[in-house]
Amino acid sequence: MTLPAQRHGTDPGRELAEPGFWQQPPAHRLAAFARLRAAEGPVHVPEGSGPGHWALVRHAQVQEASRLPKVFASAPGVTTPEPARWVRALFGDSMVNLDGPDHAQLRKIVQRAFTPRLLAAAEADIHAVAARIVDDVLAGRPDEFVSAVASRLPLEVICNMMGIPEHYRAEIADRVNHASENIGVERGLASRLRMPGRGLRALARMQRMVAGIGRERRKNPTDDLISALVCANVDGQALGARQLGAFFSLLMVAGVETTRNAITHGLTLLTDHPDQRDLLLSDFEAYADGAVDEMIRHSTPIIQFRRTVAAEHTMDGHLFRPGDKVVLYYASANRDEAVFPDPDAFVITRSPNPHLGFGGGGPHFCLGAHLARVEMKALFRELLTRPVGLRAVGLPDLAGSNFDNRVRSLRFAFERP
């Protein structure tokens, strides 16, 4: 029998638990993950007075855990901290926090709603929205990229696909920002006491809003995703009001935030690596798919997800026991030297590129991966092939979150008048 890994002296993962770690420059954090990948097995990270968690930092470790959902369970929650029971009771369980038949049934309903016709319409809409956004940028000449460009595309695309009426959209954008602005961000006591209420109120208002739209679509269905979800009939089931609200919150917070951050980091990467930008522009259609995947690998929009061990399992010499907490660090796995030669380099021709930016496989692989890639490709085609040229100015203002690689703002400029 393989013995559990022992903790020797100071936990090598203690740095990840320090409040200031996630406010450090990205290079500092990446160097710390490189040290942890060199450890013999999973690394222990202390968490206050509790038992802490085990950090899975290698590509193979994250993939293994992702593909064994009966061992590494998403319930009771994948975020840190895990959602409180009363929050789950009030808002419903998000798909990312479910396992087994419950997750499979909900995912089947959602997948059935994404018909070929709906997806084709969504792809056509993505190209139209990307062109309109860049038209607006060229006309208005703003200088802040996140609000003017990166946030607009995924928000408009998802609202169009869901069938959200125009008069709700400004409020939804505001609610998304309030709901996600402090996820994973270290704050003072006063802020910790005040901000959860604001974020939960934002989620509650979004869910009430979409529940009302869902009730209307049940009576008068249209050709949109909400109608498909509330009218779907998979084994006699469709999404109820609370399930619809939970799915909408996941789609808005995860779909909008992750894509906008990948887009913003993408502009910074192309600015910082003019040789790769020139290569992309030399034949956009030939290199765009590789460029998008490399942007996602390099920036890794979701840094980590949490799992709870449900059955004994040995990995890299460590015996996990039921109740142990495990964190899958995608940001580290996507820089694993064993999989990605020269992992810190930005190389749009990297092949193969088995990044884990959409998860490590298994039943929780990101449902929106295809649409996110289409959005990024469409937007960069518009941004880069117009005869003005755009570049990032300075460094992105990062939120310092331990959950996602969030950018608050990024200045940008035009290379030509």
# chains A, B, ... in the order shown; residues from 1 in each chain; ligands from 1
$ closest_atom_pairs --of "range 284-392 of chain A" --to "range 45-62 of chain A" --cutoff "6 Å" --atoms "only C-alpha atoms" --output "CSV"
residue,atom,partner,partner_atom,distance
A:Lys325,CA,A:His53,CA,4.7
A:Val326,CA,A:Trp54,CA,4.7
A:Val327,CA,A:Ala55,CA,5.1
A:Leu328,CA,A:Leu56,CA,5.1
A:Tyr329,CA,A:Val57,CA,5.3
A:Ser332,CA,A:Val57,CA,5.3
A:Ala333,CA,A:His59,CA,4.2
$ write_last_selection --atoms "N, CA and C atoms" --output "PDB file, in the first residue's frame"
ATOM      1  N   LYS A 325      -9.593  17.978   0.914  1.00  0.00           N
ATOM      2  CA  LYS A 325      -9.857  19.029  -0.060  1.00  0.00           C
ATOM      3  C   LYS A 325      -8.677  19.129  -1.025  1.00  0.00           C
ATOM      4  N   VAL A 326      -9.026  19.264  -2.295  1.00  0.00           N
ATOM      5  CA  VAL A 326      -8.027  19.303  -3.364  1.00  0.00           C
ATOM      6  C   VAL A 326      -8.329  20.508  -4.235  1.00  0.00           C
ATOM      7  N   VAL A 327      -7.288  21.201  -4.698  1.00  0.00           N
ATOM      8  CA  VAL A 327      -7.477  22.326  -5.615  1.00  0.00           C
ATOM      9  C   VAL A 327      -6.714  22.044  -6.899  1.00  0.00           C
ATOM     10  N   LEU A 328      -7.412  22.169  -8.017  1.00  0.00           N
ATOM     11  CA  LEU A 328      -6.826  21.964  -9.339  1.00  0.00           C
ATOM     12  C   LEU A 328      -6.325  23.311  -9.850  1.00  0.00           C
ATOM     13  N   TYR A 329      -5.018  23.492  -9.893  1.00  0.00           N
ATOM     14  CA  TYR A 329      -4.429  24.769 -10.306  1.00  0.00           C
ATOM     15  C   TYR A 329      -4.147  24.738 -11.817  1.00  0.00           C
ATOM     16  N   SER A 332      -1.071  26.627 -13.114  1.00  0.00           N
ATOM     17  CA  SER A 332       0.211  25.916 -13.025  1.00  0.00           C
ATOM     18  C   SER A 332       0.293  24.808 -14.076  1.00  0.00           C
ATOM     19  N   ALA A 333      -0.795  24.052 -14.238  1.00  0.00           N
ATOM     20  CA  ALA A 333      -0.794  22.951 -15.209  1.00  0.00           C
ATOM     21  C   ALA A 333      -0.502  23.451 -16.617  1.00  0.00           C
TER      22      ALA A 333
END
$ closest_atom_pairs --of "range 156-177 of chain A" --to "range 370-386 of chain A" --cutoff "12 Å" --atoms "only C-alpha atoms" --output "Markdown table"
| residue | atom | partner | partner_atom | distance |
| --- | --- | --- | --- | --- |
| A:Glu156 | CA | A:Glu375 | CA | 10.9 |
| A:Val157 | CA | A:Glu375 | CA | 8.5 |
| A:Ile158 | CA | A:Leu371 | CA | 9.8 |
| A:Met161 | CA | A:Leu371 | CA | 11.1 |
$ closest_residue --among "A:Ala122, A:Ile303, A:Ala246, A:Val129" --to "Leu203 in chain A" --atoms "only C-alpha atoms"
A:Ala246
$ residues_around --residues "range 239-245 of chain A" --least-positions-apart "4" --cutoff "7 Å" --atoms "only C-alpha atoms" --output "list of chain:residue names"
A:Phe91, A:Gly92, A:Gln207, A:Val210, A:Ala211, A:Leu229, A:Val230, A:Ser249
$ atom_distance --atom1 "CA of Gly323 in chain A" --atom2 "CA of Gly20 in chain A"
27.8 Å
$ select_by_dssp --residues "range 146-328 of chain A" --states "alpha helix (DSSP H)" --output "number ranges by chain"
A: 152-162, 166-180, 189-219, 225-231, 241-250, 257-272, 274-282, 284-299
$ residues_around --residues "range 103-116 of chain A" --least-positions-apart "2" --cutoff "6 Å" --atoms "only C-alpha atoms" --output "mmCIF file with all heavy atoms, in the first residue's frame"
data_model
loop_
_atom_site.group_PDB
_atom_site.id
_atom_site.type_symbol
_atom_site.label_atom_id
_atom_site.label_comp_id
_atom_site.auth_asym_id
_atom_site.auth_seq_id
_atom_site.Cartn_x
_atom_site.Cartn_y
_atom_site.Cartn_z
ATOM 1 N N LEU A 98 -22.331 20.366 -9.115
ATOM 2 C CA LEU A 98 -23.104 19.131 -9.064
ATOM 3 C C LEU A 98 -22.281 17.951 -9.576
ATOM 4 O O LEU A 98 -21.360 18.114 -10.378
ATOM 5 C CB LEU A 98 -24.368 19.270 -9.916
ATOM 6 C CG LEU A 98 -25.431 20.249 -9.413
ATOM 7 C CD1 LEU A 98 -26.543 20.393 -10.439
ATOM 8 C CD2 LEU A 98 -25.998 19.793 -8.064
ATOM 9 N N ASP A 99 -22.658 16.767 -9.140
ATOM 10 C CA ASP A 99 -21.996 15.531 -9.562
ATOM 11 C C ASP A 99 -23.032 14.511 -10.008
ATOM 12 O O ASP A 99 -24.234 14.672 -9.780
ATOM 13 C CB ASP A 99 -21.185 14.928 -8.396
ATOM 14 C CG ASP A 99 -20.071 15.838 -7.922
ATOM 15 O OD1 ASP A 99 -19.172 16.118 -8.725
ATOM 16 O OD2 ASP A 99 -20.109 16.268 -6.752
ATOM 17 N N GLY A 100 -22.547 13.446 -10.622
ATOM 18 C CA GLY A 100 -23.354 12.277 -10.900
ATOM 19 C C GLY A 100 -24.610 12.535 -11.705
ATOM 20 O O GLY A 100 -24.638 13.377 -12.612
ATOM 21 N N PRO A 101 -25.706 11.833 -11.377
ATOM 22 C CA PRO A 101 -26.948 11.960 -12.151
ATOM 23 C C PRO A 101 -27.508 13.382 -12.179
ATOM 24 O O PRO A 101 -28.071 13.795 -13.191
ATOM 25 C CB PRO A 101 -27.902 11.003 -11.436
ATOM 26 C CG PRO A 101 -27.017 10.019 -10.731
ATOM 27 C CD PRO A 101 -25.804 10.793 -10.330
ATOM 28 N N LEU A 118 -29.553 26.972 -33.403
ATOM 29 C CA LEU A 118 -29.228 28.033 -32.454
ATOM 30 C C LEU A 118 -27.737 28.358 -32.502
ATOM 31 O O LEU A 118 -27.348 29.536 -32.463
ATOM 32 C CB LEU A 118 -29.652 27.616 -31.045
ATOM 33 C CG LEU A 118 -29.525 28.673 -29.934
ATOM 34 C CD1 LEU A 118 -30.660 28.495 -28.922
ATOM 35 C CD2 LEU A 118 -28.186 28.600 -29.218
ATOM 36 N N LEU A 119 -26.884 27.336 -32.583
ATOM 37 C CA LEU A 119 -25.446 27.571 -32.616
ATOM 38 C C LEU A 119 -25.027 28.296 -33.896
ATOM 39 O O LEU A 119 -24.164 29.184 -33.864
ATOM 40 C CB LEU A 119 -24.700 26.249 -32.493
ATOM 41 C CG LEU A 119 -24.732 25.605 -31.098
ATOM 42 C CD1 LEU A 119 -24.125 24.214 -31.148
ATOM 43 C CD2 LEU A 119 -23.999 26.465 -30.080
ATOM 44 N N ALA A 228 -35.712 27.601 -25.367
ATOM 45 C CA ALA A 228 -35.288 26.204 -25.522
ATOM 46 C C ALA A 228 -35.080 25.531 -24.178
ATOM 47 O O ALA A 228 -35.406 24.351 -23.998
ATOM 48 C CB ALA A 228 -34.014 26.142 -26.353
ATOM 49 N N LEU A 229 -34.557 26.258 -23.204
ATOM 50 C CA LEU A 229 -34.281 25.672 -21.895
ATOM 51 C C LEU A 229 -35.554 25.419 -21.093
ATOM 52 O O LEU A 229 -35.688 24.386 -20.439
ATOM 53 C CB LEU A 229 -33.345 26.590 -21.096
ATOM 54 C CG LEU A 229 -31.899 26.675 -21.581
ATOM 55 C CD1 LEU A 229 -31.166 27.803 -20.874
ATOM 56 C CD2 LEU A 229 -31.175 25.352 -21.364
ATOM 57 N N VAL A 234 -36.435 16.728 -21.827
ATOM 58 C CA VAL A 234 -35.452 15.654 -21.728
ATOM 59 C C VAL A 234 -35.885 14.750 -20.590
ATOM 60 O O VAL A 234 -35.858 15.154 -19.422
ATOM 61 C CB VAL A 234 -34.034 16.206 -21.468
ATOM 62 C CG1 VAL A 234 -33.046 15.066 -21.287
ATOM 63 C CG2 VAL A 234 -33.615 17.121 -22.597
#
$ residues_around --residues "Arg175 in chain A" --least-positions-apart "5" --cutoff "8 Å" --atoms "only C-alpha atoms" --output "list of chain:residue names"
A:Gly199, A:Ala202, A:Leu203, A:Arg205, A:Met206
$ decode --residues "range 21-57 of chain A" --atoms "N, CA and C atoms" --output "JSON list (two decimals), in the first residue's frame"
[["chain", "number", "residue", "atom", "x", "y", "z"],
["A", 21, "PHE", "N", 0.05, 36.85, -1.65],
["A", 21, "PHE", "CA", 0.61, 36.10, -2.77],
["A", 21, "PHE", "C", -0.05, 36.45, -4.10],
["A", 22, "TRP", "N", -1.38, 36.56, -4.09],
["A", 22, "TRP", "CA", -2.11, 36.78, -5.33],
["A", 22, "TRP", "C", -2.06, 38.22, -5.81],
["A", 23, "GLN", "N", -1.50, 39.11, -4.97],
["A", 23, "GLN", "CA", -1.26, 40.48, -5.42],
["A", 23, "GLN", "C", 0.14, 40.66, -6.01],
["A", 24, "GLN", "N", 0.95, 39.62, -5.94],
["A", 24, "GLN", "CA", 2.30, 39.69, -6.48],
["A", 24, "GLN", "C", 2.25, 39.71, -8.01],
["A", 25, "PRO", "N", 3.31, 40.22, -8.67],
["A", 25, "PRO", "CA", 3.36, 40.18, -10.15],
["A", 25, "PRO", "C", 3.22, 38.76, -10.65],
["A", 26, "PRO", "N", 2.63, 38.57, -11.83],
["A", 26, "PRO", "CA", 2.45, 37.22, -12.37],
["A", 26, "PRO", "C", 3.72, 36.38, -12.39],
["A", 27, "ALA", "N", 4.86, 36.99, -12.69],
["A", 27, "ALA", "CA", 6.11, 36.23, -12.75],
["A", 27, "ALA", "C", 6.44, 35.60, -11.40],
["A", 28, "HIS", "N", 6.15, 36.31, -10.32],
["A", 28, "HIS", "CA", 6.40, 35.78, -8.97],
["A", 28, "HIS", "C", 5.53, 34.55, -8.72],
["A", 29, "ARG", "N", 4.26, 34.64, -9.07],
["A", 29, "ARG", "CA", 3.34, 33.52, -8.84],
["A", 29, "ARG", "C", 3.74, 32.32, -9.69],
["A", 30, "LEU", "N", 4.10, 32.57, -10.94],
["A", 30, "LEU", "CA", 4.48, 31.46, -11.83],
["A", 30, "LEU", "C", 5.75, 30.77, -11.34],
["A", 31, "ALA", "N", 6.67, 31.54, -10.80],
["A", 31, "ALA", "CA", 7.90, 30.94, -10.26],
["A", 31, "ALA", "C", 7.58, 30.04, -9.06],
["A", 32, "ALA", "N", 6.63, 30.48, -8.23],
["A", 32, "ALA", "CA", 6.22, 29.66, -7.09],
["A", 32, "ALA", "C", 5.59, 28.36, -7.55],
["A", 33, "PHE", "N", 4.74, 28.42, -8.58],
["A", 33, "PHE", "CA", 4.14, 27.19, -9.09],
["A", 33, "PHE", "C", 5.19, 26.26, -9.69],
["A", 34, "ALA", "N", 6.21, 26.83, -10.33],
["A", 34, "ALA", "CA", 7.28, 26.00, -10.89],
["A", 34, "ALA", "C", 7.99, 25.23, -9.78],
["A", 35, "ARG", "N", 8.20, 25.89, -8.63],
["A", 35, "ARG", "CA", 8.83, 25.20, -7.50],
["A", 35, "ARG", "C", 7.93, 24.08, -6.99],
["A", 36, "LEU", "N", 6.63, 24.32, -6.95],
["A", 36, "LEU", "CA", 5.71, 23.29, -6.46],
["A", 36, "LEU", "C", 5.63, 22.11, -7.42],
["A", 37, "ARG", "N", 5.72, 22.38, -8.72],
["A", 37, "ARG", "CA", 5.70, 21.27, -9.69],
["A", 37, "ARG", "C", 6.92, 20.37, -9.53],
["A", 38, "ALA", "N", 8.00, 20.92, -8.99],
["A", 38, "ALA", "CA", 9.21, 20.13, -8.80],
["A", 38, "ALA", "C", 9.15, 19.24, -7.56],
["A", 39, "ALA", "N", 8.12, 19.43, -6.73],
["A", 39, "ALA", "CA", 7.97, 18.60, -5.53],
["A", 39, "ALA", "C", 7.64, 17.17, -5.93],
["A", 40, "GLU", "N", 7.83, 16.23, -5.01],
["A", 40, "GLU", "CA", 7.66, 14.82, -5.33],
["A", 40, "GLU", "C", 6.20, 14.43, -5.57],
["A", 41, "GLY", "N", 5.27, 15.05, -4.91],
["A", 41, "GLY", "CA", 3.86, 14.68, -5.04],
["A", 41, "GLY", "C", 2.98, 15.88, -4.77],
["A", 42, "PRO", "N", 1.67, 15.68, -4.60],
["A", 42, "PRO", "CA", 0.78, 16.78, -4.27],
["A", 42, "PRO", "C", 1.27, 17.55, -3.05],
["A", 43, "VAL", "N", 1.12, 18.85, -3.10],
["A", 43, "VAL", "CA", 1.69, 19.73, -2.07],
["A", 43, "VAL", "C", 0.58, 20.23, -1.16],
["A", 44, "HIS", "N", 0.84, 20.24, 0.14],
["A", 44, "HIS", "CA", -0.15, 20.70, 1.10],
["A", 44, "HIS", "C", -0.12, 22.22, 1.22],
["A", 45, "VAL", "N", -1.30, 22.83, 1.25],
["A", 45, "VAL", "CA", -1.44, 24.28, 1.43],
["A", 45, "VAL", "C", -2.29, 24.52, 2.67],
["A", 46, "PRO", "N", -1.75, 25.14, 3.72],
["A", 46, "PRO", "CA", -2.54, 25.38, 4.92],
["A", 46, "PRO", "C", -3.60, 26.44, 4.67],
["A", 47, "GLU", "N", -4.71, 26.35, 5.40],
["A", 47, "GLU", "CA", -5.78, 27.34, 5.30],
["A", 47, "GLU", "C", -6.26, 27.70, 6.70],
["A", 48, "GLY", "N", -5.69, 28.74, 7.29],
["A", 48, "GLY", "CA", -6.09, 29.17, 8.62],
["A", 48, "GLY", "C", -5.93, 28.05, 9.63],
["A", 49, "SER", "N", -6.99, 27.84, 10.42],
["A", 49, "SER", "CA", -6.94, 26.80, 11.45],
["A", 49, "SER", "C", -7.49, 25.47, 10.94],
["A", 50, "GLY", "N", -7.93, 25.42, 9.68],
["A", 50, "GLY", "CA", -8.49, 24.20, 9.12],
["A", 50, "GLY", "C", -7.43, 23.27, 8.59],
["A", 51, "PRO", "N", -7.88, 22.17, 7.98],
["A", 51, "PRO", "CA", -6.92, 21.16, 7.49],
["A", 51, "PRO", "C", -6.20, 21.58, 6.22],
["A", 52, "GLY", "N", -6.64, 22.63, 5.55],
["A", 52, "GLY", "CA", -6.00, 23.07, 4.33],
["A", 52, "GLY", "C", -6.41, 22.21, 3.13],
["A", 53, "HIS", "N", -5.68, 22.37, 2.04],
["A", 53, "HIS", "CA", -5.98, 21.58, 0.85],
["A", 53, "HIS", "C", -4.69, 21.07, 0.21],
["A", 54, "TRP", "N", -4.86, 20.14, -0.70],
["A", 54, "TRP", "CA", -3.74, 19.60, -1.46],
["A", 54, "TRP", "C", -3.76, 20.21, -2.85],
["A", 55, "ALA", "N", -2.63, 20.78, -3.23],
["A", 55, "ALA", "CA", -2.54, 21.49, -4.52],
["A", 55, "ALA", "C", -2.10, 20.51, -5.61],
["A", 56, "LEU", "N", -2.92, 20.40, -6.65],
["A", 56, "LEU", "CA", -2.54, 19.66, -7.84],
["A", 56, "LEU", "C", -2.05, 20.67, -8.86],
["A", 57, "VAL", "N", -0.76, 20.64, -9.14],
["A", 57, "VAL", "CA", -0.13, 21.70, -9.92],
["A", 57, "VAL", "C", 0.45, 21.21, -11.25]]
